[in-house]
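With CSV, C-alpha atoms inside, this is my_file.csv:
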chain,number,residue,atom,x,y,z
A,1,MET,CA,-12.3,-35.7,15.0
A,2,ASP,CA,-10.0,-32.7,14.6
A,3,LEU,CA,-10.4,-31.3,11.1
A,4,THR,CA,-7.9,-28.5,11.8
A,5,LYS,CA,-5.2,-31.1,11.2
A,6,ARG,CA,-6.4,-31.3,7.6
A,7,LEU,CA,-6.3,-27.6,6.8
A,8,ASN,CA,-3.9,-26.2,4.3
A,9,LYS,CA,-0.6,-26.5,6.1
A,10,ASN,CA,0.6,-23.2,4.6
A,11,LEU,CA,-2.0,-21.5,6.9
A,12,GLY,CA,0.3,-22.3,9.8
A,13,LYS,CA,2.9,-20.0,8.3
A,14,ILE,CA,0.7,-16.9,8.6
A,15,GLU,CA,-1.1,-14.9,11.2
A,16,VAL,CA,-3.5,-12.0,11.3
A,17,SER,CA,-1.5,-8.8,10.4
A,18,MET,CA,0.4,-7.4,13.3
A,19,ILE,CA,-1.0,-4.0,12.3
A,20,ARG,CA,-4.5,-5.4,13.0
A,21,GLN,CA,-3.3,-7.3,16.1
A,22,PHE,CA,-1.8,-4.2,17.6
A,23,ASP,CA,-4.7,-2.0,16.7
A,24,GLN,CA,-7.2,-4.4,18.3
A,25,SER,CA,-5.0,-4.9,21.4
A,26,ILE,CA,-5.3,-1.2,22.3
A,27,SER,CA,-8.7,-0.4,21.0
A,28,ASP,CA,-10.5,-0.8,24.3
A,29,ILE,CA,-8.3,1.9,26.0
A,30,PRO,CA,-10.7,4.7,26.9
A,31,GLY,CA,-10.4,7.8,24.7
A,32,ILE,CA,-7.5,6.4,22.6
A,33,LEU,CA,-6.3,8.5,19.7
A,34,LYS,CA,-5.4,6.4,16.7
A,35,LEU,CA,-2.8,7.2,14.1
A,36,THR,CA,-2.7,3.6,13.0
A,37,LEU,CA,-4.6,2.4,9.9
A,38,GLY,CA,-4.1,3.6,6.4
A,39,GLU,CA,-7.5,4.9,5.9
A,40,PRO,CA,-8.2,8.6,4.9
A,41,ASP,CA,-10.2,10.6,7.4
A,42,PHE,CA,-11.9,12.4,4.5
A,43,THR,CA,-15.3,11.3,3.3
A,44,THR,CA,-15.9,10.1,-0.2
A,45,PRO,CA,-16.7,13.2,-2.4
A,46,SER,CA,-20.4,14.0,-2.6
A,47,HIS,CA,-20.6,13.7,-6.4
A,48,ILE,CA,-19.3,10.2,-6.2
A,49,LYS,CA,-21.9,9.2,-3.6
A,50,GLU,CA,-24.6,10.8,-5.8
A,51,ALA,CA,-23.5,8.6,-8.8
A,52,ALA,CA,-23.8,5.5,-6.6
A,53,LYS,CA,-27.3,6.6,-5.5
A,54,ALA,CA,-28.3,7.1,-9.1
A,55,ALA,CA,-27.1,3.6,-9.9
A,56,ILE,CA,-29.1,2.1,-7.1
A,57,ASP,CA,-32.2,4.0,-8.3
A,58,ASP,CA,-31.6,2.8,-11.8
A,59,ASN,CA,-31.6,-0.8,-10.4
A,60,GLN,CA,-28.0,-1.5,-11.3
A,61,SER,CA,-27.9,-4.5,-8.9
A,62,TYR,CA,-26.8,-7.3,-11.3
A,63,TYR,CA,-23.5,-8.8,-12.0
A,64,THR,CA,-21.2,-7.0,-14.4
A,65,GLY,CA,-18.8,-9.0,-16.6
A,66,MET,CA,-15.9,-10.5,-14.9
A,67,SER,CA,-13.5,-7.7,-16.0
A,68,GLY,CA,-15.9,-5.0,-14.7
A,69,LEU,CA,-18.0,-2.5,-16.6
A,70,LEU,CA,-16.6,-1.5,-19.9
A,71,SER,CA,-17.4,2.1,-19.2
A,72,LEU,CA,-15.3,1.9,-16.0
A,73,ARG,CA,-12.4,0.2,-17.8
A,74,GLN,CA,-12.6,2.9,-20.4
A,75,ALA,CA,-12.5,5.6,-17.8
A,76,ALA,CA,-9.6,3.9,-16.0
A,77,ALA,CA,-7.6,3.6,-19.2
A,78,ALA,CA,-8.2,7.2,-20.1
A,79,PHE,CA,-7.2,8.3,-16.6
A,80,MET,CA,-3.9,6.4,-16.8
A,81,LYS,CA,-3.1,7.8,-20.2
A,82,GLU,CA,-3.8,11.4,-19.2
A,83,ARG,CA,-2.1,11.2,-15.8
A,84,TYR,CA,0.8,8.8,-16.4
A,85,ASP,CA,1.1,8.5,-20.1
A,86,LEU,CA,0.4,4.7,-19.9
A,87,THR,CA,-1.6,3.1,-22.7
A,88,TYR,CA,-3.9,0.2,-21.9
A,89,HIS,CA,-6.7,-1.1,-24.0
A,90,PRO,CA,-9.9,-1.2,-22.0
A,91,ASP,CA,-11.2,-4.3,-23.7
A,92,ASN,CA,-8.4,-6.7,-22.7
A,93,GLU,CA,-5.8,-4.9,-20.5
A,94,VAL,CA,-7.8,-3.6,-17.6
A,95,LEU,CA,-9.5,-5.6,-14.8
A,96,VAL,CA,-11.7,-4.2,-12.0
A,97,THR,CA,-11.1,-5.9,-8.7
A,98,ILE,CA,-12.4,-5.8,-5.1
A,99,GLY,CA,-9.8,-3.3,-3.9
A,100,ALA,CA,-6.1,-3.4,-4.5
A,101,THR,CA,-5.9,-6.3,-2.0
A,102,GLU,CA,-7.8,-8.6,-4.3
A,103,ALA,CA,-5.8,-7.3,-7.3
A,104,LEU,CA,-2.7,-8.4,-5.5
A,105,SER,CA,-4.2,-11.8,-4.5
A,106,ALA,CA,-5.4,-12.5,-8.0
A,107,SER,CA,-2.1,-11.6,-9.5
A,108,LEU,CA,0.0,-13.6,-7.1
A,109,VAL,CA,-2.3,-16.7,-7.4
A,110,ALA,CA,-1.7,-16.5,-11.2
A,111,ILE,CA,2.0,-16.2,-10.8
A,112,ILE,CA,3.4,-18.1,-7.8
A,113,GLU,CA,4.0,-21.8,-7.5
A,114,ALA,CA,5.5,-23.9,-4.7
A,115,GLY,CA,9.2,-23.2,-4.4
A,116,ASP,CA,9.1,-19.8,-6.2
A,117,THR,CA,10.8,-16.8,-4.6
A,118,VAL,CA,9.7,-13.2,-4.7
A,119,LEU,CA,11.9,-10.2,-4.1
A,120,LEU,CA,10.6,-7.4,-1.9
A,121,PRO,CA,12.4,-4.2,-0.8
A,122,ALA,CA,12.0,-3.9,3.0
A,123,PRO,CA,10.6,-2.8,5.3
A,124,ALA,CA,7.4,-3.3,3.5
A,125,TYR,CA,3.6,-3.6,3.7
A,126,PRO,CA,2.9,-6.9,5.4
A,127,GLY,CA,0.1,-8.0,3.1
A,128,TYR,CA,2.2,-9.5,0.4
A,129,GLN,CA,4.0,-12.3,2.4
A,130,PRO,CA,0.9,-14.2,3.7
A,131,ILE,CA,-0.5,-14.6,0.2
A,132,ILE,CA,2.8,-15.9,-1.1
A,133,ASP,CA,3.2,-18.2,1.9
A,134,MET,CA,-0.2,-19.7,1.2
A,135,LEU,CA,0.8,-20.4,-2.3
A,136,GLY,CA,4.0,-22.2,-1.2
A,137,GLY,CA,6.4,-19.5,-2.3
A,138,SER,CA,8.7,-17.4,-0.2
A,139,ILE,CA,9.6,-13.7,0.1
A,140,VAL,CA,13.2,-12.7,0.0
A,141,GLU,CA,13.6,-9.2,1.5
A,142,ILE,CA,16.1,-6.6,0.2
A,143,ASP,CA,17.2,-4.6,3.3
A,144,THR,CA,17.1,-0.8,2.5
A,145,THR,CA,17.5,0.5,6.0
A,146,ALA,CA,21.2,1.5,5.5
A,147,ASN,CA,20.2,3.6,2.4
A,148,ASP,CA,17.3,5.6,4.1
A,149,PHE,CA,14.8,3.0,2.7
A,150,VAL,CA,15.8,3.8,-0.9
A,151,LEU,CA,16.3,0.8,-3.3
A,152,THR,CA,19.0,1.1,-5.9
A,153,ALA,CA,19.5,-0.7,-9.2
A,154,GLU,CA,22.7,-2.2,-7.8
A,155,MET,CA,20.9,-3.6,-4.8
A,156,LEU,CA,18.1,-5.0,-7.0
A,157,GLU,CA,20.4,-6.7,-9.5
A,158,GLU,CA,22.6,-8.3,-6.7
A,159,ALA,CA,19.4,-9.8,-5.2
A,160,ILE,CA,18.1,-11.0,-8.5
A,161,ILE,CA,21.4,-12.8,-9.3
A,162,GLU,CA,21.5,-14.4,-5.9
A,163,GLN,CA,18.1,-15.9,-6.3
A,164,GLY,CA,18.7,-17.3,-9.8
A,165,ASP,CA,16.1,-19.5,-11.4
A,166,LYS,CA,14.0,-19.7,-8.3
A,167,LEU,CA,13.0,-16.0,-8.7
A,168,LYS,CA,9.5,-15.5,-10.2
A,169,ALA,CA,8.7,-11.9,-9.4
A,170,VAL,CA,9.8,-8.6,-7.9
A,171,ILE,CA,7.3,-6.5,-5.9
A,172,LEU,CA,7.7,-2.8,-6.0
A,173,ASN,CA,5.5,-0.5,-3.8
A,174,TYR,CA,5.9,3.2,-4.2
A,175,PRO,CA,5.0,5.6,-2.8
A,176,SER,CA,5.8,3.2,0.0
A,177,ASN,CA,3.8,1.9,2.9
A,178,PRO,CA,5.4,2.3,5.5
A,179,THR,CA,8.2,4.7,4.6
A,180,GLY,CA,6.6,7.1,2.2
A,181,VAL,CA,9.6,6.7,-0.1
A,182,THR,CA,9.0,7.2,-3.8
A,183,TYR,CA,11.3,7.3,-6.9
A,184,SER,CA,12.2,9.7,-9.7
A,185,ARG,CA,12.1,9.0,-13.4
A,186,ASP,CA,15.8,8.3,-13.5
A,187,GLN,CA,15.6,5.9,-10.6
A,188,ILE,CA,12.7,4.0,-12.1
A,189,ALA,CA,14.5,3.8,-15.5
A,190,SER,CA,17.5,2.3,-13.7
A,191,PHE,CA,15.3,-0.4,-12.1
A,192,ALA,CA,13.8,-1.1,-15.5
A,193,ALA,CA,17.3,-1.4,-17.1
A,194,VAL,CA,18.0,-4.2,-14.6
A,195,LEU,CA,14.7,-6.0,-14.7
A,196,ARG,CA,14.4,-6.2,-18.5
A,197,LYS,CA,17.4,-8.5,-18.5
A,198,TYR,CA,15.6,-11.2,-16.5
A,199,ASP,CA,12.6,-13.4,-17.0
A,200,VAL,CA,10.6,-12.1,-14.0
A,201,PHE,CA,7.3,-10.5,-13.4
A,202,VAL,CA,7.2,-7.0,-11.9
A,203,LEU,CA,4.2,-6.6,-9.6
A,204,SER,CA,4.1,-2.8,-9.1
A,205,ASP,CA,1.8,-1.7,-6.3
A,206,GLU,CA,1.1,2.0,-7.0
A,207,VAL,CA,-2.1,2.5,-5.1
A,208,TYR,CA,-0.6,5.7,-3.5
A,209,ALA,CA,0.4,7.2,-6.9
A,210,GLU,CA,-2.0,10.1,-6.6
A,211,LEU,CA,-0.5,11.0,-3.2
A,212,THR,CA,3.0,11.9,-4.5
A,213,TYR,CA,4.3,15.1,-3.0
A,214,SER,CA,7.7,15.4,-4.8
A,215,GLU,CA,8.1,17.7,-7.8
A,216,GLY,CA,6.9,16.1,-11.0
A,217,ARG,CA,4.3,13.4,-11.4
A,218,HIS,CA,4.5,9.8,-10.3
A,219,VAL,CA,6.4,7.7,-12.8
A,220,SER,CA,5.2,4.1,-13.2
A,221,ILE,CA,7.7,1.4,-14.1
A,222,ALA,CA,5.0,0.2,-16.6
A,223,GLU,CA,6.1,3.1,-18.8
A,224,PHE,CA,9.5,1.4,-19.2
A,225,LEU,CA,8.6,-2.3,-18.8
A,226,PRO,CA,5.0,-2.7,-20.2
A,227,ASP,CA,5.4,-6.4,-21.1
A,228,GLN,CA,6.7,-7.5,-17.7
A,229,THR,CA,4.6,-5.3,-15.4
A,230,ILE,CA,1.4,-6.0,-13.6
A,231,LEU,CA,0.3,-2.6,-12.3
A,232,ILE,CA,-1.9,-2.5,-9.2
A,233,SER,CA,-4.0,0.6,-8.5
A,234,GLY,CA,-7.3,1.6,-6.9
A,235,LEU,CA,-9.5,4.3,-5.5
A,236,SER,CA,-9.2,3.7,-1.7
A,237,LYS,CA,-6.5,6.2,-1.0
A,238,SER,CA,-6.9,8.7,-3.8
A,239,HIS,CA,-10.6,9.2,-3.5
A,240,ALA,CA,-11.2,8.2,0.2
A,241,MET,CA,-13.2,5.1,-1.0
A,242,THR,CA,-11.8,2.3,1.2
A,243,GLY,CA,-15.2,0.8,1.9
A,244,TRP,CA,-16.3,0.9,-1.8
A,245,ARG,CA,-13.6,-1.8,-2.6
A,246,ILE,CA,-12.5,-0.8,-6.1
A,247,GLY,CA,-9.1,-1.8,-7.3
A,248,LEU,CA,-7.6,-2.0,-10.8
A,249,ILE,CA,-5.1,-4.3,-12.6
A,250,PHE,CA,-3.4,-3.0,-15.7
A,251,ALA,CA,-1.4,-5.5,-17.7
A,252,PRO,CA,-0.6,-6.5,-21.3
A,253,ALA,CA,-3.4,-8.5,-22.9
A,254,MET,CA,-1.5,-11.8,-22.9
A,255,LEU,CA,-1.2,-11.6,-19.0
A,256,THR,CA,-4.6,-10.2,-18.4
A,257,ALA,CA,-6.1,-13.2,-20.2
A,258,GLN,CA,-4.6,-15.4,-17.5
A,259,LEU,CA,-5.2,-13.0,-14.6
A,260,ILE,CA,-8.9,-12.9,-15.2
A,261,LYS,CA,-9.1,-16.7,-14.4
A,262,SER,CA,-7.8,-16.3,-10.8
A,263,HIS,CA,-9.9,-13.1,-10.4
A,264,GLN,CA,-13.1,-14.8,-11.6
A,265,TYR,CA,-12.8,-17.8,-9.3
A,266,LEU,CA,-11.8,-15.7,-6.3
A,267,VAL,CA,-14.6,-13.1,-6.5
A,268,THR,CA,-16.6,-13.3,-9.9
A,269,ALA,CA,-16.7,-9.5,-10.2
A,270,ALA,CA,-16.5,-6.2,-8.2
A,271,ALA,CA,-19.7,-4.7,-6.7
A,272,THR,CA,-21.8,-3.1,-9.5
A,273,VAL,CA,-22.8,0.0,-7.5
A,274,SER,CA,-19.2,0.7,-6.5
A,275,GLN,CA,-18.2,0.4,-10.1
A,276,TYR,CA,-20.6,3.2,-11.1
A,277,ALA,CA,-19.2,5.3,-8.3
A,278,ALA,CA,-15.7,4.6,-9.6
A,279,ILE,CA,-16.7,5.9,-13.1
A,280,GLU,CA,-17.6,9.2,-11.6
A,281,ALA,CA,-14.4,9.3,-9.5
A,282,LEU,CA,-12.2,8.7,-12.6
A,283,THR,CA,-14.0,11.2,-14.8
A,284,ASN,CA,-15.5,14.1,-12.9
A,285,GLY,CA,-13.4,13.4,-9.9
A,286,LYS,CA,-9.9,13.2,-11.5
A,287,ASN,CA,-8.6,15.9,-9.2
A,288,ASP,CA,-10.4,14.9,-6.0
A,289,ALA,CA,-7.1,13.9,-4.4
A,290,LEU,CA,-5.6,17.4,-4.6
A,291,PRO,CA,-7.2,19.0,-1.5
A,292,MET,CA,-6.5,15.9,0.4
A,293,LYS,CA,-2.9,16.0,-0.6
A,294,GLU,CA,-2.5,19.6,0.5
A,295,ALA,CA,-3.9,18.6,3.9
A,296,TYR,CA,-1.6,15.6,4.2
A,297,ILE,CA,1.5,17.7,3.4
A,298,GLU,CA,0.5,20.1,6.2
A,299,ARG,CA,0.1,17.3,8.6
A,300,ARG,CA,3.3,15.5,7.6
A,301,ASP,CA,5.4,18.7,8.1
A,302,TYR,CA,3.8,19.3,11.5
A,303,ILE,CA,4.6,15.8,12.7
A,304,ILE,CA,8.1,15.8,11.4
A,305,ASP,CA,8.8,19.1,13.2
A,306,LYS,CA,7.5,17.7,16.5
A,307,ILE,CA,9.1,14.3,16.5
A,308,ALA,CA,12.4,15.5,15.2
A,309,ALA,CA,12.6,17.7,18.2
A,310,LEU,CA,12.1,14.6,20.4
A,311,GLY,CA,15.1,12.9,18.9
A,312,PHE,CA,13.4,10.6,16.4
A,313,LYS,CA,15.3,10.2,13.1
A,314,VAL,CA,12.9,10.9,10.3
A,315,ILE,CA,13.3,10.4,6.5
A,316,LYS,CA,10.9,13.0,5.0
A,317,PRO,CA,8.2,11.0,3.1
A,318,GLU,CA,7.5,12.1,-0.5
A,319,GLY,CA,4.2,10.2,-0.8
A,320,ALA,CA,1.5,8.2,0.9
A,321,PHE,CA,0.5,9.3,4.4
A,322,TYR,CA,2.9,7.7,6.7
A,323,ILE,CA,6.0,8.7,8.7
A,324,PHE,CA,8.4,5.9,9.6
A,325,ALA,CA,10.7,7.2,12.4
A,326,LYS,CA,13.6,5.6,14.3
A,327,ILE,CA,13.1,5.4,18.0
A,328,PRO,CA,15.9,7.6,19.6
A,329,GLU,CA,18.9,6.0,21.2
A,330,GLY,CA,18.5,5.3,24.9
A,331,TYR,CA,14.8,4.4,24.6
A,332,ASN,CA,13.3,1.0,24.3
A,333,GLN,CA,14.0,-0.3,20.8
A,334,ASP,CA,11.4,-3.0,21.0
A,335,SER,CA,8.8,-1.2,18.9
A,336,PHE,CA,5.9,-3.3,20.0
A,337,ASP,CA,6.6,-2.9,23.7
A,338,PHE,CA,7.5,0.8,23.3
A,339,LEU,CA,4.2,1.6,21.7
A,340,LYS,CA,2.1,-0.7,23.8
A,341,LYS,CA,3.3,1.2,26.9
A,342,PHE,CA,2.7,4.5,25.1
A,343,ALA,CA,-0.8,3.5,24.3
A,344,LYS,CA,-1.5,2.4,27.9
A,345,LYS,CA,0.1,5.5,29.5
A,346,LYS,CA,-1.1,8.2,27.1
A,347,ALA,CA,-4.0,6.7,25.1
A,348,VAL,CA,-2.4,7.1,21.7
A,349,ALA,CA,-2.0,4.3,19.2
A,350,LEU,CA,0.8,4.2,16.6
A,351,ILE,CA,2.0,1.1,14.7
A,352,PRO,CA,5.3,-0.7,15.7
A,353,GLY,CA,7.9,-0.9,13.0
A,354,VAL,CA,8.3,-4.6,13.5
A,355,ALA,CA,4.8,-5.1,11.9
A,356,PHE,CA,6.6,-4.4,8.6
A,357,GLY,CA,9.2,-7.1,9.1
A,358,GLN,CA,12.5,-7.6,10.7
A,359,TYR,CA,14.0,-4.5,9.1
A,360,GLY,CA,11.3,-2.3,10.7
A,361,GLU,CA,12.3,-3.1,14.3
A,362,GLY,CA,13.3,0.0,16.2
A,363,TYR,CA,11.0,2.2,14.2
A,364,ILE,CA,7.4,3.5,14.6
A,365,ARG,CA,4.9,4.2,11.8
A,366,ILE,CA,2.6,7.2,12.2
A,367,SER,CA,-0.4,7.5,9.9
A,368,TYR,CA,-1.3,11.2,9.3
A,369,ALA,CA,-4.6,10.2,7.7
A,370,ALA,CA,-6.2,11.8,10.7
A,371,SER,CA,-7.5,15.2,11.6
A,372,MET,CA,-5.1,18.0,12.5
A,373,ALA,CA,-6.7,18.3,16.0
A,374,THR,CA,-6.1,14.6,16.6
A,375,ILE,CA,-2.5,14.9,15.4
A,376,GLU,CA,-1.8,17.9,17.6
A,377,GLU,CA,-3.1,16.2,20.7
A,378,ALA,CA,-1.2,12.9,19.9
A,379,MET,CA,2.1,14.8,19.4
A,380,LYS,CA,1.6,16.6,22.8
A,381,ARG,CA,1.0,13.2,24.5
A,382,LEU,CA,4.1,11.7,22.8
A,383,ALA,CA,6.2,14.6,24.0
A,384,ASP,CA,4.9,14.0,27.6
A,385,PHE,CA,5.6,10.3,27.3
A,386,MET,CA,9.2,10.7,26.0
A,387,ALA,CA,9.9,13.0,28.9
A,388,SER,CA,8.9,10.3,31.4
A,389,ASP,CA,10.9,7.4,32.8
A,390,GLU,CA,8.3,5.0,31.5
A,391,SER,CA,9.4,5.4,27.9
A,392,ARG,CA,12.9,4.0,28.5
Mind converting the file's structure to structure tokens?
Amino acid sequence: MDLTKRLNKNLGKIEVSMIRQFDQSISDIPGILKLTLGEPDFTTPSHIKEAAKAAIDDNQSYYTGMSGLLSLRQAAAAFMKERYDLTYHPDNEVLVTIGATEALSASLVAIIEAGDTVLLPAPAYPGYQPIIDMLGGSIVEIDTTANDFVLTAEMLEEAIIEQGDKLKAVILNYPSNPTGVTYSRDQIASFAAVLRKYDVFVLSDEVYAELTYSEGRHVSIAEFLPDQTILISGLSKSHAMTGWRIGLIFAPAMLTAQLIKSHQYLVTAAATVSQYAAIEALTNGKNDALPMKEAYIERRDYIIDKIAALGFKVIKPEGAFYIFAKIPEGYNQDSFDFLKKFAKKKAVALIPGVAFGQYGEGYIRISYAASMATIEEAMKRLADFMASDESR
């Protein structure tokens, strides 16, 4: 008996993320320095941890409602109003999820059917496609490499028209993983002008919104398209709370009423203690990201200076904590092989661009969510590697 033959056949379309595969493949190298995963090196602020301890001592160990604690949804709605001028009713337009990943899964499960297509500007975070593949849909990438990874309204509309009735949703992620690209108010308004003409969902992954470095605040497309947009957010990046697993979905009531169904049967509800910590983060910790952001900017600028001098082409990121750089001409353009050799020779791990799809080949992603001391040593080793014959 071989029950593997009776598994969901769509599982055959997916593999463990290449980011994780690569990270694991080099993890046993002694003394390796990692600039790989998108996890802040900062610890969760103390006042948030104290709020969680108080919740434990208060025996807050029971299920919350499926949507999450009302007090957390109120805090989240107030935060979005103050920060981004977005209006969501906490009773029926906010869902608390187990991280942004579950928020994405619950949203896509509610939207995608077999045969549907989803547009995605590329290169892109590789976590979207496997979910869509399992649901029988397919991703259609919009290649942004010729435009320095910047999507335009014209590119978007051309892709929408080409897909026709098969198109169910458009995914936007900004600030972007892996490129760090983000968009101005005028750019977002131009996307909205296109999208409102079509009967499609807009799944906007804005989990890095609080790590926007450009002048002016982050602008959500939900401000322009509230009826079409499912807005994904969370506290992992902004408050260094990856392990607490708190994400948020903001959507109009008519959509939230349906999203809660997939959310319920996937997970029931987010962890209660984490939700109490999240209330503290969104009220007394509204500005916790600011010192982290200052450190990220310093790290970003240091890396750009070092790798530009080595011949890497770099588009200066205006958000998140990644640099996506083109391997110089004359060097091995197979990003996986290039970085595997770098890891073995110099004990430094970066992520190959091909992990972000076909349009990422020839690039490397550097996460600067690491200490300055680690970054300085990693850049020294990269310079040594690039000067050697082994890098070509």
Hey, could you make a per-residue contact list for region 128-246 of chain A against region 80-94 of chain A with 8 Å as the cut-off, showing the nearest pair of atoms and its distance in Å to one decimal, counting only C-alpha atoms, sorted by chain and number, as a Markdown table?
| residue | atom | partner | partner_atom | distance |
| --- | --- | --- | --- | --- |
| A:Arg217 | CA | A:Tyr84 | CA | 7.6 |
| A:His218 | CA | A:Tyr84 | CA | 7.2 |
| A:Val219 | CA | A:Tyr84 | CA | 6.7 |
| A:Ser220 | CA | A:Tyr84 | CA | 7.2 |
| A:Ala222 | CA | A:Leu86 | CA | 7.2 |
| A:Glu223 | CA | A:Leu86 | CA | 6.0 |
For this session: Go through A:Ala103, A:Ala347, A:Ile297, A:Ile14 and flag the residue nearest Gln129 (chain A), using all atoms listed in the file for the distances.
Result: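 Answer, going by the shortest atom-to-atom distance: A:Ile14.
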Exercise. Expressed in Å to a single decimal, how great is the separation between CA of Ala253 (chain A) and CA of Gly68 (chain A)?
Worked result: 15.4 Å
Write out, as JSON lines, each residue of region 67-135 of chain A that has an atom at most 12 Å from region 258-274 of chain A, together with the closest pair of atoms and their distance in Å to one decimal, counting all atoms listed in the file, rows going by chain and rising number.
{"residue": "A:Ser67", "atom": "CA", "partner": "A:Ala269", "partner_atom": "CA", "distance": 6.9}
{"residue": "A:Gly68", "atom": "CA", "partner": "A:Ala269", "partner_atom": "CA", "distance": 6.4}
{"residue": "A:Leu69", "atom": "CA", "partner": "A:Thr272", "partner_atom": "CA", "distance": 8.1}
{"residue": "A:Leu70", "atom": "CA", "partner": "A:Thr272", "partner_atom": "CA", "distance": 11.7}
{"residue": "A:Ser71", "atom": "CA", "partner": "A:Thr272", "partner_atom": "CA", "distance": 11.9}
{"residue": "A:Leu72", "atom": "CA", "partner": "A:Ser274", "partner_atom": "CA", "distance": 10.3}
{"residue": "A:Asn92", "atom": "CA", "partner": "A:Ile260", "partner_atom": "CA", "distance": 9.7}
{"residue": "A:Glu93", "atom": "CA", "partner": "A:Leu259", "partner_atom": "CA", "distance": 10.0}
{"residue": "A:Val94", "atom": "CA", "partner": "A:Ile260", "partner_atom": "CA", "distance": 9.7}
{"residue": "A:Leu95", "atom": "CA", "partner": "A:Ile260", "partner_atom": "CA", "distance": 7.3}
{"residue": "A:Val96", "atom": "CA", "partner": "A:Ala270", "partner_atom": "CA", "distance": 6.4}
{"residue": "A:Thr97", "atom": "CA", "partner": "A:Ala270", "partner_atom": "CA", "distance": 5.4}
{"residue": "A:Ile98", "atom": "CA", "partner": "A:Ala270", "partner_atom": "CA", "distance": 5.2}
{"residue": "A:Gly99", "atom": "CA", "partner": "A:Ala270", "partner_atom": "CA", "distance": 8.5}
{"residue": "A:Ala100", "atom": "CA", "partner": "A:Ala270", "partner_atom": "CA", "distance": 11.4}
{"residue": "A:Thr101", "atom": "CA", "partner": "A:His263", "partner_atom": "CA", "distance": 11.5}
{"residue": "A:Glu102", "atom": "CA", "partner": "A:His263", "partner_atom": "CA", "distance": 7.9}
{"residue": "A:Ala103", "atom": "CA", "partner": "A:His263", "partner_atom": "CA", "distance": 7.7}
{"residue": "A:Leu104", "atom": "CA", "partner": "A:His263", "partner_atom": "CA", "distance": 9.9}
{"residue": "A:Ser105", "atom": "CA", "partner": "A:His263", "partner_atom": "CA", "distance": 8.3}
{"residue": "A:Ala106", "atom": "CA", "partner": "A:His263", "partner_atom": "CA", "distance": 5.1}
{"residue": "A:Ser107", "atom": "CA", "partner": "A:Leu259", "partner_atom": "CA", "distance": 6.1}
{"residue": "A:Leu108", "atom": "CA", "partner": "A:Ser262", "partner_atom": "CA", "distance": 9.0}
{"residue": "A:Val109", "atom": "CA", "partner": "A:Ser262", "partner_atom": "CA", "distance": 6.5}
{"residue": "A:Ala110", "atom": "CA", "partner": "A:Leu259", "partner_atom": "CA", "distance": 6.0}
{"residue": "A:Ile111", "atom": "CA", "partner": "A:Leu259", "partner_atom": "CA", "distance": 8.7}
{"residue": "A:Ile112", "atom": "CA", "partner": "A:Ser262", "partner_atom": "CA", "distance": 11.7}
Mind dumping a table of every region 80-182 of chain A residue within 8 Å of region 188-211 of chain A, with the nearest atom pair and its distance in Å to one decimal, using all atoms listed in the file, sorted by chain and rising number, as JSON lines?
{"residue": "A:Ala100", "atom": "CA", "partner": "A:Val207", "partner_atom": "CA", "distance": 7.2}
{"residue": "A:Thr152", "atom": "CA", "partner": "A:Phe191", "partner_atom": "CA", "distance": 7.4}
{"residue": "A:Ala153", "atom": "CA", "partner": "A:Phe191", "partner_atom": "CA", "distance": 5.1}
{"residue": "A:Leu156", "atom": "CA", "partner": "A:Phe191", "partner_atom": "CA", "distance": 7.4}
{"residue": "A:Glu157", "atom": "CA", "partner": "A:Val194", "partner_atom": "CA", "distance": 6.2}
{"residue": "A:Leu167", "atom": "CA", "partner": "A:Val200", "partner_atom": "CA", "distance": 7.0}
{"residue": "A:Lys168", "atom": "CA", "partner": "A:Val200", "partner_atom": "CA", "distance": 5.2}
{"residue": "A:Ala169", "atom": "CA", "partner": "A:Phe201", "partner_atom": "CA", "distance": 4.5}
{"residue": "A:Val170", "atom": "CA", "partner": "A:Val202", "partner_atom": "CA", "distance": 5.0}
{"residue": "A:Ile171", "atom": "CA", "partner": "A:Leu203", "partner_atom": "CA", "distance": 4.8}
{"residue": "A:Leu172", "atom": "CA", "partner": "A:Ser204", "partner_atom": "CA", "distance": 4.8}
{"residue": "A:Asn173", "atom": "CA", "partner": "A:Asp205", "partner_atom": "CA", "distance": 4.6}
{"residue": "A:Tyr174", "atom": "CA", "partner": "A:Glu206", "partner_atom": "CA", "distance": 5.7}
{"residue": "A:Pro175", "atom": "CA", "partner": "A:Tyr208", "partner_atom": "CA", "distance": 5.6}
{"residue": "A:Ser176", "atom": "CA", "partner": "A:Tyr208", "partner_atom": "CA", "distance": 7.7}
For this session: Tell me, as a list in words, which residues lie within 9 Å of Asp143 (chain A), counting all atoms listed in the file; anything in the same chain fewer than 2 positions away does not count.
Result: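 In the requested form, the answer reads Leu120, Pro121, Ala122, Pro123, Glu141, Thr145, Ala146, Asn147, Phe149, Leu151, Met155 and Tyr359 of chain A.
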Contacts of Ile26 (chain A) at 10 Å or less, counting all atoms listed in the file, minus same-chain residues fewer than 6 places along, as a CSV table (one decimal) with C-alpha atoms, in the coordinates of the input?
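Output contents, as saved in out_39.csv:
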chain,number,residue,atom,x,y,z
A,32,ILE,CA,-7.5,6.4,22.6
A,34,LYS,CA,-5.4,6.4,16.7
A,339,LEU,CA,4.2,1.6,21.7
A,340,LYS,CA,2.1,-0.7,23.8
A,343,ALA,CA,-0.8,3.5,24.3
A,344,LYS,CA,-1.5,2.4,27.9
A,347,ALA,CA,-4.0,6.7,25.1
A,348,VAL,CA,-2.4,7.1,21.7
A,349,ALA,CA,-2.0,4.3,19.2
A,350,LEU,CA,0.8,4.2,16.6
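Minimum atom-to-atom distances from A:Ala257, A:Ala308, A:Leu382, A:Met372 to Ala295 (chain A) were compared using all atoms listed in the file, and the lowest value belongs to A:Met372.
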